[in-house]
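Notes follow the structure.
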2 protein chains.
Amino acid sequence: MTDDLREQVHAAARRARVAADELVLATRERKDAALHEMAAALRARAHEVLEANAKDIEAGRAAGLAENLLDRLALTQGRVEGVAAGLEVVAGLPDPIGEVLRGSILPNGLELRQVRVPMGVVGMVYEARPNVTVDAAGLALKSGNAALLRGSSTAEHSNTALVAILRDALEAAGLPADAVQLLPCHDRASVTHLITARGLVDLVIPRGGAGLINAVVQQATVPTIETGVGNCHVYVDATADLDMAERIVLNSKTRRSSVCNAAESLLVHADIADEFVPRVTAALQKAEVTVHGDDRFARAEGVVAATDDDWDTEYLSLDIAARVVGSLDEAIAHIAAHGSGHTEAIVTNDVRAARRFTTRVDAAAVVVNASTAFTDGGEFGMGAEIGISTQKLHARGPMGLSELTSSKWVVWGEGHVRPSS
Amino acid sequence: MTDDLREQVHAAARRARVAADELVLATRERKDAALHEMAAALRARAHEVLEANAKDIEAGRAAGLAENLLDRLALTQGRVEGVAAGLEVVAGLPDPIGEVLRGSILPNGLELRQVRVPMGVVGMVYEARPNVTVDAAGLALKSGNAALLRGSSTAEHSNTALVAILRDALEAAGLPADAVQLLPCHDRASVTHLITARGLVDLVIPRGGAGLINAVVQQATVPTIETGVGNCHVYVDATADLDMAERIVLNSKTRRSSVCNAAESLLVHADIADEFVPRVTAALQKAEVTVHGDDRFARAEGVVAATDDDWDTEYLSLDIAARVVGSLDEAIAHIAAHGSGHTEAIVTNDVRAARRFTTRVDAAAVVVNASTAFTDGGEFGMGAEIGISTQKLHARGPMGLSELTSSKWVVWGEGHVRPSS
């Protein structure tokens, strides 16, 4: 059985390679036409998607899926329209492929260019939300990659319907249907086969909780990009404007507490603790946030005493860990020990503190006097996002189209040979 | 014992992190001064290096090391001068750190910049040549990284002497000695501990044969970059200038047959086989190259009949596999099946063929009418090279200073919070 599954995944990867070899020749015009075709097909066949989604919802409810997971799983006419419109946005973005990154004529006359090329075959492993299926397929196509999609079994009917529509649209647009394929989703082993298909798959991007991402990183022999684990901090420095600090803390924590750029920890400089701790605690509690505080914070009513685990917890809920630190460097050290390298913010009016924080804190995004919630491909002007990388290799922070590409050196000569040295 | 070794490697990585945290604050001036200090110290203490090297050579000879390996291991006054001069070249290169890769003011007024930052702690695993110890230390330092060097046990005395001198020079220049550390080299397990020190080490670059690189890739949980396996092809198209083709084939094969950018296979279009096959075979044989040929090539005297394995072999010697192909696309398919993604060359006078080859062949470098031997950091104008990446993630082709860096988004606001959507 497992060997069959392995062969199924590998066969899909081989078909994807054939498709990728065609995509490398596809012009932007053809790719954009296919994206518009996909959007139109999703709109025209929305009823198929909604019927399939209803089956997933029913099965999820029967299996006792939590209400917030059911909500993430649910599609509506409006959400289908949203993903279709998303494909049209991607069609409007510049094509990353062919961009010349560096180029020169060498002293010996060789013409040298480094150009962006597709990665090739890209795997995505993700959880509940079926809209990721369409987003990932669209971004992969625009960047010239064939996509192997391994979604959640809870979204199986929805994903199957969506991928069937996308594949029909690709064929109608004259591109290979195998540029988008759905992998079997019932057995965890299909993930293992995907991330060990070295040579067949060029990149795997896991999107999901820390458990999924760690499992992928431990087992993978295919290159992977870690995404989306965010233990983000807001540090309020001694010279902070306290009105500004309160706004930023609240926005960072409560704008959407379930996403990776939400703040999970608050650090406050001791010099302003007497004034700011009671004030921010009251404001957070008013916004229904549970504060897990150190001794200083725990003096206030309703504050839960923080345990060591709290500093490392990505709550993804209306909870925040909070402590007082003696100095900027203590805040930086706390972040180095507990942060996940996603987004770290300082609120300060001291230029030297801001510069030290942005230089020393090692994270995908470091923010001065603004909310952590801005770390997002859309906000950063990328037009679309396939995830937020928290690793340092290849891509760091929001990943748009260009982060799905590799590069190639193209060298033109006139019979040049290299002298012995 | 193994647990001790693990702790030894981890402790070195933790010291490297402390050093890396200091390097992130070091200006270009300070780093360049340290590089000059290192060069001067190597010159002043060359006798220590040569004495240590003599012990390695003696031990190598006693252990029956092959003459070419002894040659790679051997240091002379001239070679020590060479690595010292190399450090001064690196000092003269622009600092990659702080380079602004992208930047803009967002519609809401947020000031956004993506800047180059050091990777952090970088591990190198490499074989015999002790000059790599100095090259790697210099490139890591200039790019703001702390280096963990795991060299070969055959070079232990030489590496120990070199690293002691480099560390003294770092301290004399006011930078942390732990920015350069040598790891234990007697037990293969020290490699395993290095490549699984996730969170402690940011990147490991293996430099060596296919065996080492595969072992690293299979076991690593730390991000790695594959380097240097080159099964490079020269394809001679139907319209090639045959004089040019002969020059390019000979240079690609014989300039230095032991390096990764040397050609290992020759593909010849059927239309010119009658004229070119005898001619290139004779020229190769005159240059003492053994031709492992298909049926067409094997008609000539002295040609060894190629086996299936020959197409996948990186000889690194005066051997070449050779076959006739029916078309450009057959050549492209052969390269896709057997190439290692390093450097692939076409000799042609047909623009359409050249464009199809450069677009469809998936390799770090694709070359039109020039030798494969040009794929080299020095030739590409990078000033220095830490290896040639044959993977698609992060860096592809010759890796210079900027390939040893990551990036970070720096965001400045004035109390910006993100509206709910």
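Naming scheme: A, B, ... for chains in displayed order of the structure tokens; residues 1 onward per chain; ligands 1 onward as shown.
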Inset, instruction - With a distance threshold of 7 Å and counting only C-alpha atoms, extract the residues of chain A near chain B and express them as an NGL selection string. - result: :A and (24 or 119 or 217-218 or 221 or 244 or 248 or 251 or 255 or 358 or 360 or 363-371 or 373-374 or 392-394 or 396 or 406-418 or 420)
How would chain B read as a short mmCIF file (atom, residue, chain, number, x, y, z; two decimals) with C-alpha atoms, in the first residue's frame once least-squares superposed on chain A using all paired C-alpha atoms?
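Writing done, so here's out.cif:
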```
data_model
loop_
_atom_site.label_atom_id
_atom_site.label_comp_id
_atom_site.auth_asym_id
_atom_site.auth_seq_id
_atom_site.Cartn_x
_atom_site.Cartn_y
_atom_site.Cartn_z
CA MET B 1 -0.02 0.02 0.01
CA THR B 2 2.64 2.48 1.09
CA ASP B 3 4.78 1.54 -1.90
CA ASP B 4 1.78 2.18 -4.13
CA LEU B 5 1.32 5.58 -2.54
CA ARG B 6 5.00 6.37 -3.03
CA GLU B 7 4.74 5.46 -6.70
CA GLN B 8 1.58 7.56 -7.01
CA VAL B 9 3.36 10.63 -5.60
CA HIS B 10 6.46 10.03 -7.72
CA ALA B 11 4.38 9.54 -10.86
CA ALA B 12 2.61 12.83 -10.18
CA ALA B 13 6.00 14.51 -9.74
CA ARG B 14 7.23 13.10 -13.04
CA ARG B 15 4.12 14.38 -14.82
CA ALA B 16 4.69 17.73 -13.13
CA ARG B 17 8.24 17.81 -14.52
CA VAL B 18 6.93 17.31 -18.05
CA ALA B 19 4.46 20.14 -17.46
CA ALA B 20 7.21 22.34 -15.97
CA ASP B 21 9.32 21.78 -19.08
CA GLU B 22 6.46 23.25 -21.09
CA LEU B 23 5.82 26.12 -18.68
CA VAL B 24 9.42 27.26 -19.03
CA LEU B 25 8.60 28.12 -22.65
CA ALA B 26 5.25 29.79 -21.87
CA THR B 27 5.17 33.56 -22.39
CA ARG B 28 3.58 35.89 -19.91
CA GLU B 29 0.68 36.35 -22.34
CA ARG B 30 -0.12 32.65 -22.30
CA LYS B 31 0.19 32.36 -18.52
CA ASP B 32 -2.03 35.39 -17.90
CA ALA B 33 -4.62 34.10 -20.36
CA ALA B 34 -4.70 30.81 -18.45
CA LEU B 35 -5.13 32.67 -15.14
CA HIS B 36 -8.12 34.56 -16.56
CA GLU B 37 -9.51 31.29 -17.93
CA MET B 38 -9.17 29.74 -14.47
CA ALA B 39 -10.97 32.66 -12.84
CA ALA B 40 -13.82 32.50 -15.36
CA ALA B 41 -14.17 28.74 -14.93
CA LEU B 42 -14.34 29.07 -11.14
CA ARG B 43 -17.15 31.60 -11.47
CA ALA B 44 -19.02 29.55 -14.06
CA ARG B 45 -18.75 26.35 -12.04
CA ALA B 46 -19.06 27.80 -8.54
CA HIS B 47 -22.03 25.51 -7.86
CA GLU B 48 -19.80 22.43 -8.25
CA VAL B 49 -17.38 23.89 -5.73
CA LEU B 50 -20.13 24.76 -3.26
CA GLU B 51 -21.71 21.31 -3.55
CA ALA B 52 -18.37 19.63 -2.90
CA ASN B 53 -17.70 22.01 -0.03
CA ALA B 54 -21.05 21.17 1.54
CA LYS B 55 -19.96 17.50 1.69
CA ASP B 56 -16.72 18.51 3.46
CA ILE B 57 -18.64 20.66 5.94
CA GLU B 58 -21.11 17.85 6.63
CA ALA B 59 -18.31 15.33 7.15
CA GLY B 60 -16.43 17.84 9.31
CA ARG B 61 -19.44 18.48 11.47
CA ALA B 62 -20.05 14.73 11.82
CA ALA B 63 -16.41 14.27 12.83
CA GLY B 64 -16.83 16.95 15.50
CA LEU B 65 -14.57 19.57 13.90
CA ALA B 66 -14.39 22.77 15.96
CA GLU B 67 -16.52 25.69 14.84
CA ASN B 68 -13.51 27.90 13.89
CA LEU B 69 -12.09 25.10 11.73
CA LEU B 70 -15.46 24.63 10.06
CA ASP B 71 -15.46 28.35 9.36
CA ARG B 72 -12.03 28.17 7.72
CA LEU B 73 -13.21 25.22 5.64
CA ALA B 74 -16.45 26.81 4.50
CA LEU B 75 -16.79 28.31 1.02
CA THR B 76 -19.54 30.70 -0.03
CA GLN B 77 -20.39 32.31 -3.33
CA GLY B 78 -18.49 35.35 -2.04
CA ARG B 79 -15.38 33.38 -1.12
CA VAL B 80 -15.31 31.65 -4.52
CA GLU B 81 -15.60 35.07 -6.15
CA GLY B 82 -12.74 36.18 -3.91
CA VAL B 83 -10.33 33.46 -5.04
CA ALA B 84 -11.32 34.01 -8.69
CA ALA B 85 -10.60 37.72 -8.32
CA GLY B 86 -7.28 36.78 -6.68
CA LEU B 87 -6.24 34.92 -9.84
CA GLU B 88 -6.96 38.05 -11.88
CA VAL B 89 -4.81 40.09 -9.52
CA VAL B 90 -1.96 37.62 -10.07
CA ALA B 91 -2.46 37.91 -13.85
CA GLY B 92 -1.94 41.65 -13.46
CA LEU B 93 1.37 41.31 -11.62
CA PRO B 94 4.64 41.55 -13.54
CA ASP B 95 6.11 38.24 -14.68
CA PRO B 96 9.16 37.44 -12.55
CA ILE B 97 10.55 35.03 -15.16
CA GLY B 98 13.25 36.46 -17.38
CA GLU B 99 14.08 39.35 -15.09
CA VAL B 100 17.79 40.10 -15.46
CA LEU B 101 19.21 40.21 -11.93
CA ARG B 102 22.79 41.04 -12.87
CA GLY B 103 24.55 41.38 -16.16
CA SER B 104 27.79 42.59 -17.65
CA ILE B 105 30.30 42.08 -20.42
CA LEU B 106 33.40 40.50 -18.93
CA PRO B 107 36.86 41.88 -19.77
CA ASN B 108 37.35 39.02 -22.25
CA GLY B 109 34.12 39.93 -24.08
CA LEU B 110 31.91 37.15 -22.67
CA GLU B 111 28.36 38.40 -22.26
CA LEU B 112 27.06 37.40 -18.83
CA ARG B 113 23.51 37.61 -17.47
CA GLN B 114 21.89 36.18 -14.37
CA VAL B 115 18.21 35.69 -15.11
CA ARG B 116 15.24 34.56 -13.08
CA VAL B 117 13.92 31.12 -14.02
CA PRO B 118 11.15 28.97 -12.57
CA MET B 119 12.00 26.70 -9.65
CA GLY B 120 10.45 23.77 -11.57
CA VAL B 121 8.22 21.44 -9.52
CA VAL B 122 6.95 23.01 -6.31
CA GLY B 123 5.09 21.10 -3.60
CA MET B 124 2.71 22.73 -1.11
CA VAL B 125 1.53 21.05 2.07
CA TYR B 126 -1.27 22.91 3.80
CA GLU B 127 -4.17 22.61 6.14
CA ALA B 128 -7.90 23.21 6.07
CA ARG B 129 -8.53 26.30 3.91
CA PRO B 130 -9.48 25.36 0.32
CA ASN B 131 -8.74 28.88 -0.97
CA VAL B 132 -5.03 28.06 -0.57
CA THR B 133 -5.47 25.49 -3.34
CA VAL B 134 -6.37 28.19 -5.85
CA ASP B 135 -3.94 30.83 -4.54
CA ALA B 136 -1.01 28.41 -4.66
CA ALA B 137 -1.91 27.14 -8.13
CA GLY B 138 -2.15 30.68 -9.46
CA LEU B 139 1.14 31.88 -7.98
CA ALA B 140 2.95 28.73 -9.09
CA LEU B 141 1.62 29.08 -12.64
CA LYS B 142 2.54 32.75 -12.95
CA SER B 143 6.09 31.97 -11.78
CA GLY B 144 6.35 29.14 -14.32
CA ASN B 145 6.21 26.28 -11.82
CA ALA B 146 4.19 23.09 -11.79
CA ALA B 147 2.39 22.67 -8.45
CA LEU B 148 1.88 19.50 -6.42
CA LEU B 149 -0.81 20.32 -3.87
CA ARG B 150 -1.20 18.27 -0.73
CA GLY B 151 -4.17 19.68 1.11
CA SER B 152 -6.05 18.48 4.15
CA SER B 153 -8.32 15.44 4.03
CA THR B 154 -11.04 17.56 5.65
CA ALA B 155 -11.12 19.66 2.46
CA GLU B 156 -10.86 16.74 0.06
CA HIS B 157 -14.11 17.23 -1.83
CA SER B 158 -13.61 20.97 -2.15
CA ASN B 159 -10.00 20.63 -3.30
CA THR B 160 -10.89 17.91 -5.80
CA ALA B 161 -13.59 20.09 -7.34
CA LEU B 162 -11.34 23.17 -7.44
CA VAL B 163 -8.41 21.35 -9.03
CA ALA B 164 -10.63 19.70 -11.65
CA ILE B 165 -11.86 23.16 -12.68
CA LEU B 166 -8.34 24.64 -12.73
CA ARG B 167 -7.02 21.74 -14.83
CA ASP B 168 -9.82 22.07 -17.36
CA ALA B 169 -9.09 25.79 -17.61
CA LEU B 170 -5.37 25.14 -18.15
CA GLU B 171 -6.16 22.78 -21.00
CA ALA B 172 -8.62 25.22 -22.51
CA ALA B 173 -5.83 27.82 -22.44
CA GLY B 174 -3.43 25.43 -24.17
CA LEU B 175 -1.23 24.76 -21.15
CA PRO B 176 -0.66 21.32 -19.60
CA ALA B 177 -3.27 20.26 -17.03
CA ASP B 178 -0.51 18.56 -15.05
CA ALA B 179 0.83 21.97 -14.08
CA VAL B 180 -1.65 21.63 -11.19
CA GLN B 181 -2.12 18.30 -9.44
CA LEU B 182 -3.72 17.28 -6.17
CA LEU B 183 -1.90 14.60 -4.18
CA PRO B 184 -3.64 11.91 -2.10
CA CYS B 185 -4.53 13.38 1.29
CA HIS B 186 -5.70 10.51 3.48
CA ASP B 187 -2.35 9.13 4.53
CA ARG B 188 0.32 11.24 6.20
CA ALA B 189 2.79 9.14 4.20
CA SER B 190 1.98 11.10 1.04
CA VAL B 191 3.67 14.09 2.70
CA THR B 192 6.70 11.95 3.48
CA HIS B 193 6.92 10.72 -0.11
CA LEU B 194 6.64 14.28 -1.40
CA ILE B 195 9.38 15.74 0.81
CA THR B 196 11.78 12.90 0.09
CA ALA B 197 11.29 12.90 -3.70
CA ARG B 198 14.72 14.40 -4.20
CA GLY B 199 15.48 15.14 -7.84
CA LEU B 200 11.78 14.94 -8.71
CA VAL B 201 10.63 17.91 -6.64
CA ASP B 202 12.57 21.18 -6.45
CA LEU B 203 10.95 22.84 -3.45
CA VAL B 204 8.33 22.09 -0.81
CA ILE B 205 6.58 24.81 1.17
CA PRO B 206 4.73 23.64 4.27
CA ARG B 207 2.00 25.97 5.48
CA GLY B 208 0.49 25.15 8.80
CA GLY B 209 1.18 24.73 12.48
CA ALA B 210 4.57 24.23 14.10
CA GLY B 211 3.99 20.45 14.23
CA LEU B 212 3.60 20.10 10.47
CA ILE B 213 6.53 22.38 9.76
CA ASN B 214 8.88 20.60 12.14
CA ALA B 215 7.93 17.20 10.74
CA VAL B 216 8.63 18.41 7.23
CA VAL B 217 11.98 19.95 8.16
CA GLN B 218 13.13 16.85 10.04
CA GLN B 219 12.32 14.40 7.27
CA ALA B 220 12.79 16.41 4.11
CA THR B 221 15.61 15.77 1.67
CA VAL B 222 13.96 18.09 -0.86
CA PRO B 223 14.69 21.78 -0.16
CA THR B 224 11.97 23.33 1.98
CA ILE B 225 10.99 26.78 3.18
CA GLU B 226 9.64 27.12 6.68
CA THR B 227 6.68 29.44 6.94
CA GLY B 228 4.41 31.06 9.30
CA VAL B 229 5.34 30.32 12.89
CA GLY B 230 5.19 33.70 14.56
CA ASN B 231 6.07 34.31 18.19
CA CYS B 232 6.15 38.08 17.61
CA HIS B 233 7.05 40.65 20.29
CA VAL B 234 6.24 44.28 20.86
CA TYR B 235 8.88 46.01 22.98
CA VAL B 236 7.91 49.35 24.52
CA ASP B 237 11.10 51.33 25.16
CA ALA B 238 11.71 53.91 27.92
CA THR B 239 11.17 56.85 25.55
CA ALA B 240 8.03 55.52 23.85
CA ASP B 241 5.00 57.71 23.29
CA LEU B 242 2.62 55.74 25.49
CA ASP B 243 -0.50 56.54 23.49
CA MET B 244 1.22 55.26 20.40
CA ALA B 245 2.52 52.22 22.30
CA GLU B 246 -0.95 51.31 23.52
CA ARG B 247 -2.40 51.58 20.01
CA ILE B 248 0.39 49.44 18.54
CA VAL B 249 0.16 46.76 21.25
CA LEU B 250 -3.60 46.49 20.86
CA ASN B 251 -3.50 46.39 17.07
CA SER B 252 -0.65 43.86 17.02
CA LYS B 253 -2.51 41.58 19.42
CA THR B 254 -6.16 41.95 18.53
CA ARG B 255 -6.47 42.87 14.85
CA ARG B 256 -6.57 39.17 13.98
CA SER B 257 -5.25 37.02 16.78
CA SER B 258 -5.21 33.78 14.74
CA VAL B 259 -2.59 34.85 12.21
CA CYS B 260 1.17 34.52 12.37
CA ASN B 261 1.95 38.26 12.43
CA ALA B 262 -0.09 38.79 15.61
CA ALA B 263 1.94 39.74 18.70
CA GLU B 264 2.23 37.04 21.35
CA SER B 265 4.49 38.81 23.84
CA LEU B 266 4.82 42.29 25.26
CA LEU B 267 8.05 43.62 26.76
CA VAL B 268 8.02 46.89 28.70
CA HIS B 269 11.04 48.94 29.81
CA ALA B 270 11.26 49.21 33.63
CA ASP B 271 11.49 53.02 33.53
CA ILE B 272 7.92 53.35 32.28
CA ALA B 273 6.45 50.27 33.95
CA ASP B 274 4.68 52.15 36.72
CA GLU B 275 2.73 54.21 34.25
CA PHE B 276 2.41 51.85 31.27
CA VAL B 277 1.86 48.42 32.85
CA PRO B 278 -1.48 49.21 34.53
CA ARG B 279 -2.64 51.18 31.54
CA VAL B 280 -1.84 48.60 28.84
CA THR B 281 -3.13 45.77 31.05
CA ALA B 282 -6.47 47.52 31.43
CA ALA B 283 -6.67 48.25 27.71
CA LEU B 284 -5.86 44.64 26.79
CA GLN B 285 -8.35 43.27 29.27
CA LYS B 286 -11.00 45.62 27.94
CA ALA B 287 -10.34 44.07 24.52
CA GLU B 288 -10.89 40.64 26.10
CA VAL B 289 -7.20 39.68 26.03
CA THR B 290 -5.92 37.46 28.84
CA VAL B 291 -2.58 38.77 30.06
CA HIS B 292 -0.03 36.15 31.19
CA GLY B 293 2.25 38.42 33.19
CA ASP B 294 5.48 38.39 35.15
CA ASP B 295 5.45 39.51 38.82
CA ARG B 296 5.13 43.15 37.87
CA PHE B 297 2.19 42.58 35.54
CA ALA B 298 0.60 40.06 37.89
CA ARG B 299 -0.07 42.80 40.47
CA ALA B 300 -3.16 43.72 38.46
CA GLU B 301 -6.38 41.86 38.89
CA GLY B 302 -7.20 39.24 36.28
CA VAL B 303 -3.60 38.79 35.14
CA VAL B 304 -2.54 35.14 35.03
CA ALA B 305 0.95 34.44 36.38
CA ALA B 306 3.16 33.57 33.41
CA THR B 307 5.03 30.26 33.39
CA ASP B 308 8.29 29.62 31.52
CA ASP B 309 6.28 28.11 28.67
CA ASP B 310 4.38 31.31 28.05
CA TRP B 311 7.44 33.05 26.60
CA ASP B 312 7.66 30.41 23.88
CA THR B 313 3.97 30.03 23.12
CA GLU B 314 2.34 31.10 19.86
CA TYR B 315 -1.16 31.48 21.32
CA LEU B 316 -3.00 32.43 18.11
CA SER B 317 -5.75 33.54 20.47
CA LEU B 318 -6.65 36.49 22.69
CA ASP B 319 -3.76 35.82 25.08
CA ILE B 320 -0.49 37.70 25.52
CA ALA B 321 2.61 37.05 27.60
CA ALA B 322 3.95 40.22 29.25
CA ARG B 323 7.03 41.13 31.23
CA VAL B 324 9.13 44.09 32.32
CA VAL B 325 12.75 44.24 31.15
CA GLY B 326 15.57 46.32 32.63
CA SER B 327 17.01 47.57 29.35
CA LEU B 328 16.88 47.55 25.56
CA ASP B 329 19.56 44.85 25.51
CA GLU B 330 17.53 42.69 27.87
CA ALA B 331 14.61 42.99 25.46
CA ILE B 332 16.88 42.05 22.55
CA ALA B 333 18.20 39.05 24.51
CA HIS B 334 14.65 37.95 25.39
CA ILE B 335 13.66 38.10 21.73
CA ALA B 336 16.79 36.18 20.69
CA ALA B 337 15.93 33.47 23.21
CA HIS B 338 12.20 33.17 22.51
CA GLY B 339 11.39 34.75 19.13
CA SER B 340 10.65 32.68 16.04
CA GLY B 341 12.33 35.07 13.61
CA HIS B 342 9.05 36.41 12.20
CA THR B 343 8.29 40.04 13.18
CA GLU B 344 9.62 42.06 16.12
CA ALA B 345 8.54 45.60 16.89
CA ILE B 346 9.95 48.39 19.04
CA VAL B 347 8.04 51.49 20.13
CA THR B 348 10.54 54.23 20.93
CA ASN B 349 11.43 57.84 20.33
CA ASP B 350 15.18 57.21 20.75
CA VAL B 351 16.99 56.98 17.42
CA ARG B 352 19.92 55.08 18.89
CA ALA B 353 17.60 52.49 20.46
CA ALA B 354 15.69 52.08 17.20
CA ARG B 355 18.90 51.55 15.23
CA ARG B 356 20.31 49.09 17.75
CA PHE B 357 17.05 47.12 17.79
CA THR B 358 16.75 46.94 13.99
CA THR B 359 20.40 45.96 13.62
CA ARG B 360 20.65 43.39 16.40
CA VAL B 361 17.28 41.66 16.28
CA ASP B 362 17.48 38.75 13.87
CA ALA B 363 14.05 38.36 12.27
CA ALA B 364 12.34 38.47 8.90
CA ALA B 365 10.89 41.88 9.77
CA VAL B 366 11.91 44.45 12.37
CA VAL B 367 9.49 47.28 12.90
CA VAL B 368 9.88 50.70 14.49
CA ASN B 369 6.74 52.43 15.76
CA ALA B 370 4.25 50.35 13.83
CA SER B 371 2.11 47.28 14.33
CA THR B 372 3.46 43.76 13.73
CA ALA B 373 0.33 43.21 11.60
CA PHE B 374 1.95 44.87 8.59
CA THR B 375 4.17 41.87 7.79
CA ASP B 376 2.12 40.63 4.87
CA GLY B 377 2.75 40.28 1.14
CA GLY B 378 -0.24 42.45 0.27
CA GLU B 379 0.78 45.23 2.68
CA PHE B 380 4.39 45.08 1.42
CA GLY B 381 3.14 45.68 -2.12
CA MET B 382 3.89 42.21 -3.49
CA GLY B 383 0.34 41.85 -4.76
CA ALA B 384 0.08 38.28 -3.50
CA GLU B 385 1.66 36.01 -0.96
CA ILE B 386 2.27 32.29 -0.75
CA GLY B 387 3.36 32.36 2.89
CA ILE B 388 5.78 34.11 5.23
CA SER B 389 9.23 32.56 5.41
CA THR B 390 10.84 32.50 8.83
CA GLN B 391 14.09 30.96 7.60
CA LYS B 392 17.15 32.78 6.36
CA LEU B 393 17.89 30.81 3.22
CA HIS B 394 16.46 31.89 -0.15
CA ALA B 395 13.46 33.88 1.05
CA ARG B 396 12.76 35.71 4.29
CA GLY B 397 9.46 37.32 5.19
CA PRO B 398 6.44 37.50 2.87
CA MET B 399 6.95 35.34 -0.23
CA GLY B 400 5.54 36.66 -3.48
CA LEU B 401 6.16 35.56 -7.04
CA SER B 402 9.89 36.22 -7.18
CA GLU B 403 10.47 34.07 -4.08
CA LEU B 404 9.12 31.11 -6.10
CA THR B 405 11.91 31.44 -8.65
CA SER B 406 15.53 30.40 -9.01
CA SER B 407 18.15 31.94 -11.28
CA LYS B 408 20.45 30.83 -14.06
CA TRP B 409 23.64 32.29 -15.51
CA VAL B 410 23.45 32.69 -19.27
CA VAL B 411 26.80 33.17 -21.00
CA TRP B 412 27.29 34.05 -24.66
CA GLY B 413 30.70 33.95 -26.31
CA GLU B 414 32.33 33.76 -29.70
CA GLY B 415 34.47 30.68 -29.22
CA HIS B 416 35.99 31.79 -25.92
CA VAL B 417 38.31 29.36 -24.19
CA ARG B 418 39.83 29.94 -20.77
CA PRO B 419 43.61 30.23 -20.56
CA SER B 420 45.45 28.00 -18.10
CA SER B 421 46.31 29.83 -14.91
#
```
Inset, instruction - Please return as a PyMOL selection string: the residues of stretch 16-229 of chain B that backbone DSSP assigns to helix (DSSP H, G or I). - result: chain B and resi 16-23+28-44+46-62+67-73+77-92+131-142+153-172+177-179+189-195+210-219
Legend entry - strand (DSSP E or B) positions in stretch 189-335 of chain A, given as a VMD selection string: chain A and resid 198 201 203 to 207 224 227 232 to 236 263 to 269 290 to 293 304 to 305 319 to 325
